[in-house]
Amino acid sequence: MNRSFALFLDRDGVINRRLPGDYVRHPAALVFEDRALPALRILSGLFHPIAVLTNQAGINKGLMTSGDVDAVHRKMVAEVTRFGGRIDGVYYCPHRPEEGCNCRKPAAGMAYQAQRDFPQIVFACAWMVGDSLSDMQLGATLGMRTALIAGKEEEAAALSAFPVTGRFGSLWEFAQYCQAVFSQ
């Protein structure tokens with residue numbers, strides 16, 4: 001690995017706590033995962049760019065607006081920055097699974113949008129970090145290294161059988177791994 005590697009992160013369950021059966025609809029509902037902020041500070045010194053890719057079907061379900069999601073992301077980026085970390089881009093898909101779009105993970109539309117914004121991205125030199133099967137499928141489709149963050153119990157069986165580069169208990173554990181690898 002080298003510092004020109006891009007890092008793609010899922011949001012819910014990786015950076016912030018997931019709300020099973022619900023959505024983070026407003027900034028006050030955004031609660032960071034334990035040690036996610038120091039993890040992002042470490043990762044910011046190791047990767048460029050760092051992009052968040054998140055499915056947000058609650059928009060097209062009428063449960064929240066794009067403005068609501070943008071406000072959540074502004075808070076997320078501000079807190080990460082305040083803690084000494086960095087997020088270079090945030091991309092979200094508003095579509096429900098049945099809409100068949102090209103941006104909802106595991107489709108690659110959001111990753112390609114990030115690559116348009118950051119032309120230095122080479123997917124073979126990138127990591128996809130997430131807690132869901134769709135995150136791992138996206139990473140595999142584009143030839144990225146994949147880091148599975150534990151926690152999405154409803155997909156445990158499918159995830160246990162899916163080949164990934166590494167399995168970690170949290171974003172903090174992934175950051176510790178990366179820091180050790182980069183320091184060699």
# chains A, B, ... in the order shown; residues from 1 in each chain; ligands from 1

call {"tool": "residues_around", "arguments": {"residues": "stretch 91-107 of chain A", "least_positions_apart": "2", "cutoff": "9 Å", "atoms": "only C-alpha atoms", "output": "JSON, numbers by chain"}}
result
{"A": [51, 52, 53, 54, 55, 56, 57, 58, 59, 60, 61, 66, 69, 89, 109, 110, 111, 112, 113, 114, 133, 134, 135, 136, 137, 138, 139, 141]}

call {"tool": "select_by_dssp", "arguments": {"residues": "stretch 54-174 of chain A", "states": "strand (DSSP E or B)", "output": "PyMOL selection string"}}
result
chain A and resi 54-55+89-93+126-130+145-149+166-168

call {"tool": "select_by_dssp", "arguments": {"residues": "stretch 107-168 of chain A", "states": "alpha helix (DSSP H)", "output": "PyMOL selection string"}}
result
chain A and resi 109-117+133-141+156-161

call {"tool": "write_last_selection", "arguments": {"atoms": "N, CA and C atoms", "output": "compact mmCIF listing (two decimals), in the first residue's frame"}}
result
# COMPACT_ATOMS: atom_id res chain seq x y z
N GLY A 109 -22.09 3.20 -9.61
CA GLY A 109 -22.27 4.59 -10.01
C GLY A 109 -21.64 5.61 -9.08
N MET A 110 -21.79 5.43 -7.77
CA MET A 110 -21.20 6.41 -6.84
C MET A 110 -19.68 6.37 -6.89
N ALA A 111 -19.10 5.19 -7.04
CA ALA A 111 -17.64 5.08 -7.13
C ALA A 111 -17.13 5.75 -8.39
N TYR A 112 -17.87 5.58 -9.49
CA TYR A 112 -17.47 6.23 -10.75
C TYR A 112 -17.60 7.75 -10.64
N GLN A 113 -18.62 8.22 -9.92
CA GLN A 113 -18.76 9.67 -9.70
C GLN A 113 -17.55 10.20 -8.92
N ALA A 114 -17.15 9.46 -7.89
CA ALA A 114 -15.97 9.87 -7.12
C ALA A 114 -14.73 9.89 -8.01
N GLN A 115 -14.61 8.90 -8.90
CA GLN A 115 -13.46 8.86 -9.81
C GLN A 115 -13.48 10.05 -10.78
N ARG A 116 -14.67 10.49 -11.20
CA ARG A 116 -14.75 11.69 -12.05
C ARG A 116 -14.28 12.92 -11.27
N ASP A 117 -14.66 12.98 -10.00
CA ASP A 117 -14.26 14.12 -9.17
C ASP A 117 -12.79 14.07 -8.77
N LEU A 133 -23.08 -6.69 2.52
CA LEU A 133 -22.77 -7.47 1.34
C LEU A 133 -22.64 -6.57 0.11
N SER A 134 -23.53 -5.58 0.00
CA SER A 134 -23.46 -4.69 -1.17
C SER A 134 -22.16 -3.91 -1.21
N ASP A 135 -21.61 -3.53 -0.06
CA ASP A 135 -20.30 -2.85 -0.01
C ASP A 135 -19.21 -3.77 -0.54
N MET A 136 -19.22 -5.00 -0.07
CA MET A 136 -18.19 -5.95 -0.47
C MET A 136 -18.32 -6.31 -1.95
N GLN A 137 -19.56 -6.43 -2.43
CA GLN A 137 -19.78 -6.73 -3.85
C GLN A 137 -19.28 -5.58 -4.72
N LEU A 138 -19.55 -4.35 -4.32
CA LEU A 138 -19.06 -3.19 -5.07
C LEU A 138 -17.54 -3.22 -5.14
N GLY A 139 -16.89 -3.40 -4.00
CA GLY A 139 -15.43 -3.44 -3.99
C GLY A 139 -14.88 -4.54 -4.88
N ALA A 140 -15.48 -5.72 -4.80
CA ALA A 140 -15.02 -6.85 -5.61
C ALA A 140 -15.22 -6.58 -7.10
N THR A 141 -16.36 -6.01 -7.46
CA THR A 141 -16.66 -5.73 -8.86
C THR A 141 -15.61 -4.80 -9.48
N ALA A 156 -25.21 -11.81 8.15
CA ALA A 156 -24.05 -12.55 8.67
C ALA A 156 -23.73 -13.80 7.84
N ALA A 157 -24.73 -14.58 7.47
CA ALA A 157 -24.47 -15.82 6.73
C ALA A 157 -23.85 -15.53 5.37
N ALA A 158 -24.44 -14.60 4.63
CA ALA A 158 -23.91 -14.26 3.31
C ALA A 158 -22.52 -13.64 3.41
N LEU A 159 -22.31 -12.81 4.42
CA LEU A 159 -21.02 -12.17 4.57
C LEU A 159 -19.93 -13.15 5.01
N SER A 160 -20.30 -14.15 5.78
CA SER A 160 -19.28 -15.11 6.23
C SER A 160 -18.72 -15.90 5.05
N ALA A 161 -19.51 -16.07 4.00
CA ALA A 161 -19.07 -16.83 2.83
C ALA A 161 -18.44 -15.96 1.75

call {"tool": "residues_around", "arguments": {"residues": "A:Val31", "least_positions_apart": "6", "cutoff": "10 Å", "atoms": "only C-alpha atoms", "output": "list in words"}}
result
Asp12, Ile15, Asn16, Arg17, Arg18, Leu19, Val24 and Met76 of chain A

call {"tool": "write_last_selection", "arguments": {"atoms": "N, CA and C atoms", "output": "compact mmCIF listing (two decimals), in the first residue's frame"}}
result
# COMPACT_ATOMS: atom_id res chain seq x y z
N ASP A 12 -23.36 4.30 7.38
CA ASP A 12 -24.08 3.71 8.51
C ASP A 12 -23.49 2.36 8.89
N ILE A 15 -19.02 4.54 9.95
CA ILE A 15 -18.67 5.84 10.53
C ILE A 15 -19.61 6.18 11.67
N ASN A 16 -20.89 6.00 11.44
CA ASN A 16 -21.89 6.30 12.47
C ASN A 16 -22.71 5.05 12.76
N ARG A 17 -23.40 5.09 13.88
CA ARG A 17 -24.24 3.96 14.28
C ARG A 17 -25.42 3.82 13.34
N ARG A 18 -25.66 2.57 12.94
CA ARG A 18 -26.85 2.27 12.14
C ARG A 18 -28.08 2.35 13.04
N LEU A 19 -29.19 2.68 12.44
CA LEU A 19 -30.48 2.65 13.13
C LEU A 19 -31.30 1.55 12.45
N VAL A 24 -30.88 7.67 9.49
CA VAL A 24 -30.38 8.87 10.15
C VAL A 24 -30.97 10.02 9.35
N MET A 76 -21.41 15.50 9.71
CA MET A 76 -20.41 14.43 9.73
C MET A 76 -19.05 14.97 9.31

call {"tool": "closest_residue", "arguments": {"among": "A:Thr165, A:Thr146, A:His26, A:Val80", "to": "A:Ala39", "atoms": "only C-alpha atoms"}}
result
A:Val80

call {"tool": "residues_around", "arguments": {"residues": "A:Phe168", "least_positions_apart": "4", "cutoff": "7 Å", "atoms": "only C-alpha atoms", "output": "PyMOL selection string"}}
result
chain A and resi 147-150+173-174

call {"tool": "residues_around", "arguments": {"residues": "A:Gly13", "least_positions_apart": "5", "cutoff": "8 Å", "atoms": "only C-alpha atoms", "output": "MDAnalysis selection string"}}
result
chainID A and resid 18 33 130:131 149 151:152

call {"tool": "atom_distance", "arguments": {"atom1": "atom CA of A:Arg86", "atom2": "atom CA of A:Val164"}}
result
25.2 Å

call {"tool": "closest_residue", "arguments": {"among": "A:Arg41, A:Arg25, A:Arg11, A:Arg35", "to": "A:Ser170", "atoms": "only C-alpha atoms"}}
result
A:Arg35

call {"tool": "closest_residue", "arguments": {"among": "A:Thr65, A:Ser4, A:Phe118, A:Met144", "to": "A:Gly45", "atoms": "only C-alpha atoms"}}
result
A:Ser4
